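As structure tokens, the structure follows; a few thoughts come after it.
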Amino acid sequence: MTSVDSVLRRPGVGPAVWKGPDLVNSTEWVLRLSPAWTGELDAALRSVRERGLPLLKVTADDFPLPTLAGELARLSEELENGRGFVLVRRIPVERCSRAAASTVFWGLGQHLGIPVSQNAAGHMLGHARDTGATMADPATRGYQTRARLPFHTDGSDVVGLLCLRAARTGARTAVVSSAALYNAVLARRPDLVERLYRTHFLDRRGEQPPGELPYSAVPFASWDGGRLSLRYNRCYLESAQRFSDVPRLERADVELFDLIDELAESRELRLDVDFEAGDLLLLNNHAVLHSRTEYEDFAAPELKRHVLRLWLAVRQGRSLPRSFWGCPPGASDRSGRGGITPRDVIATRNPASRSGSRSQW
């Protein structure tokens with residue numbers, strides 16, 4: 001076995017390797033906000049309102065959290081160097097307007113990273129809710145539907161999901177360790193592992209800037225400093241096949257996708273997460289895959305499921321090859337930390353300077 005083979009076939013190790021059953025009865029991955037911490041959120045929100053600051057202009061300094069900020073720093077460390085996910089409970093969304101909840105979420109996000117655009121329209125604060133669209137429309141993305149979302153990763157270092165209202169039924173949320181999943185593939189089908197490092201093609205679902213290809217070419221796996229990063233989205237892999245210049249999937253590719261899906265869904269690996277109103281789920285997309293089952297909504301618009309979403313670039317993130325973000329030669333520079341380049345933003349602008357981009361309230 002060559003040295004390259006040794007790298008590709010070594011198992012993931014460390015705190016990022018975990019199995020769902022081992023965490024079911026643990027609270028180490030859950031942070032419950034105390035009354036003192038929710039008081040700090042209230043005070044920070046009042047400060048923003050009194051100063052009349054536009055949401056997207058609010059920085060961490062504008063949203064002071066005297067003691068909670070230190071806890072958020074600890075969570076950032078856990079996301080990057082620990083299990084890769086955290087659930088924050090008891091954010092008081094039940095007594096907030098949507099605008100107030102958005103401001104609180106944005107302020108928390110400023111303490112955790114740098115928001116990046118989630119679509120070509122430049123939306124920095126997104127909304128996951130059923131719009132009536134279906135994935136049969138190539139311009140639709142999964143968060144706009146109530147359909148099942150298989151295990152996948154998003155296009156940023158970290159994704160934050162704040163539940164404002166839960167669905168009537170369904171919408172079970174689950175997470176799985178990417179490293180544990182990788183190890184399981186290695187144990188079950190070592191002959192398929194090398195394919196994780198090959199170039200694969202993801203549909204950009206109409207989100208590409210003018211003049212760029214409608215698909216991106218990416219590897220699934222990357223090693224840096226002994227740490228594995230993994231990305232995966234089967235829906236976009238399969239829908240990219242609609243483009244004639246994308247290489248056809250081979251039988252072994254489908255076998256690999258089937259195995260990843262089977263293992264991720266298995267009770268041996270996945271962790272089901274109770275995700276209710278007031279819960280904030282933070283996920284490192286390089287360390288964790290997440291999923292959501294299909295759901296049924298309430299008939300009344302004011303009761304329908306509504307989740308706010310932030311994509312965050314971490315300030316001291318792991319080193320990743322540019323190809324990991326789907327940036328082929330000639331494509332728009334996304335400063336190496338993810339996000340989707342807004343059509344009306346200069347391509348070379350970095351994530352930190354996109355604070356003037358639109359929200360989606």
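By convention in this document, the chains of the structure tokens carry letters A, B, ... by their order, each chain's residues are numbered from 1, and ligands are numbered from 1 in the order they are shown.
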Can you check which parts of range 83-166 of chain A lie within 6 Å of range 286-304 of chain A? Per residue, the shortest pair of atoms and distance in Å to one decimal, counting only C-alpha atoms, sorted by chain and number, as CSV.
residue,atom,partner,partner_atom,distance
A:Gly84,CA,A:Ala287,CA,5.4
A:Arg146,CA,A:Glu294,CA,5.6
A:Ala147,CA,A:Glu294,CA,4.6
A:Arg148,CA,A:Glu294,CA,4.0
A:Leu149,CA,A:Arg292,CA,5.1
A:Pro150,CA,A:Ser291,CA,5.1
A:Phe151,CA,A:Ser291,CA,4.4
A:His152,CA,A:Leu289,CA,5.1
A:Thr153,CA,A:Leu289,CA,5.3
Write down as a PyMOL selection string the residues of range 48-228 of chain A whose backbone DSSP state falls under alpha helix (DSSP H). chain A and resi 48-51+68-81+98-112+178-188
Mind checking DSSP for range 142-320 of chain A and telling me the strand (DSSP E) residues as a ChimeraX atom specification? /A:149-152,158-165,169-170,173-177,200-203,215-218,221-224,227-230,271-273,280-284,288-292,295-296,306-313
Between CA of Val17 in chain A and CA of Val273 in chain A, distance in Å (one decimal): 17.5 Å
What is the CA of Glu238 in chain A to CA of Thr140 in chain A distance in Å? 14.3 Å
Nearest-residue call for Asn81 in chain A, choices A:Ala171, A:Asp258, A:Ser177, A:Pro15, using only C-alpha atoms: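 Of A:Ala171, A:Asp258, A:Ser177, A:Pro15, the one nearest Asn81 in chain A, counting only C-alpha atoms, is A:Pro15.
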Looking at only C-alpha atoms, which of A:Arg195, A:Glu207, A:Val314, A:Trp223 is the one that sits closest to Glu250 in chain A?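 Counting only C-alpha atoms, the residue closest to Glu250 in chain A is A:Arg195.
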Please list as a PyMOL selection string every residue within 12 Å of Gly126 in chain A, counting only C-alpha atoms and excluding residues in the same chain fewer than 2 positions away. chain A and resi 102+105-106+115-119+121-124+128-129+143-144+159-162+306-312+358-361
Would you write out those residues with C-alpha atoms, as a short mmCIF file (atom, residue, chain, number, x, y, z; two decimals), in the first residue's frame?
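Wrote again-v6.cif, looks like this:
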data_model
loop_
_atom_site.label_atom_id
_atom_site.label_comp_id
_atom_site.auth_asym_id
_atom_site.auth_seq_id
_atom_site.Cartn_x
_atom_site.Cartn_y
_atom_site.Cartn_z
CA SER A 102 -34.41 37.45 13.65
CA PHE A 105 -30.58 35.03 15.99
CA TRP A 106 -28.41 37.39 13.94
CA PRO A 115 -22.68 35.19 7.94
CA VAL A 116 -22.36 34.32 4.24
CA SER A 117 -24.96 34.46 1.48
CA GLN A 118 -27.30 31.48 1.23
CA ASN A 119 -28.49 32.02 -2.33
CA ALA A 121 -30.35 36.69 -4.25
CA GLY A 122 -27.89 37.54 -1.46
CA HIS A 123 -30.09 36.47 1.46
CA MET A 124 -27.99 36.36 4.61
CA ALA A 128 -36.77 27.20 5.95
CA ARG A 129 -40.48 26.71 5.37
CA TYR A 143 -35.47 23.95 2.57
CA GLN A 144 -38.29 25.49 0.50
CA VAL A 159 -25.26 26.16 9.64
CA GLY A 160 -27.48 27.51 12.42
CA LEU A 161 -31.17 26.59 12.54
CA LEU A 162 -33.52 28.40 14.93
CA HIS A 306 -40.89 28.17 10.38
CA VAL A 307 -37.14 27.82 10.89
CA LEU A 308 -34.62 30.65 10.55
CA ARG A 309 -31.29 29.75 9.00
CA LEU A 310 -27.79 31.22 9.05
CA TRP A 311 -24.77 30.05 7.10
CA LEU A 312 -21.60 31.02 8.94
CA ARG A 358 -30.35 41.54 1.80
CA SER A 359 -32.13 39.64 4.48
CA GLN A 360 -35.29 37.69 3.72
CA TRP A 361 -37.82 38.73 6.33
#
One-decimal distance in Å that lies between CA of His127 in chain A and CA of Arg231 in chain A: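 Separation between CA of Arg231 in chain A and CA of His127 in chain A: 22.2 Å.
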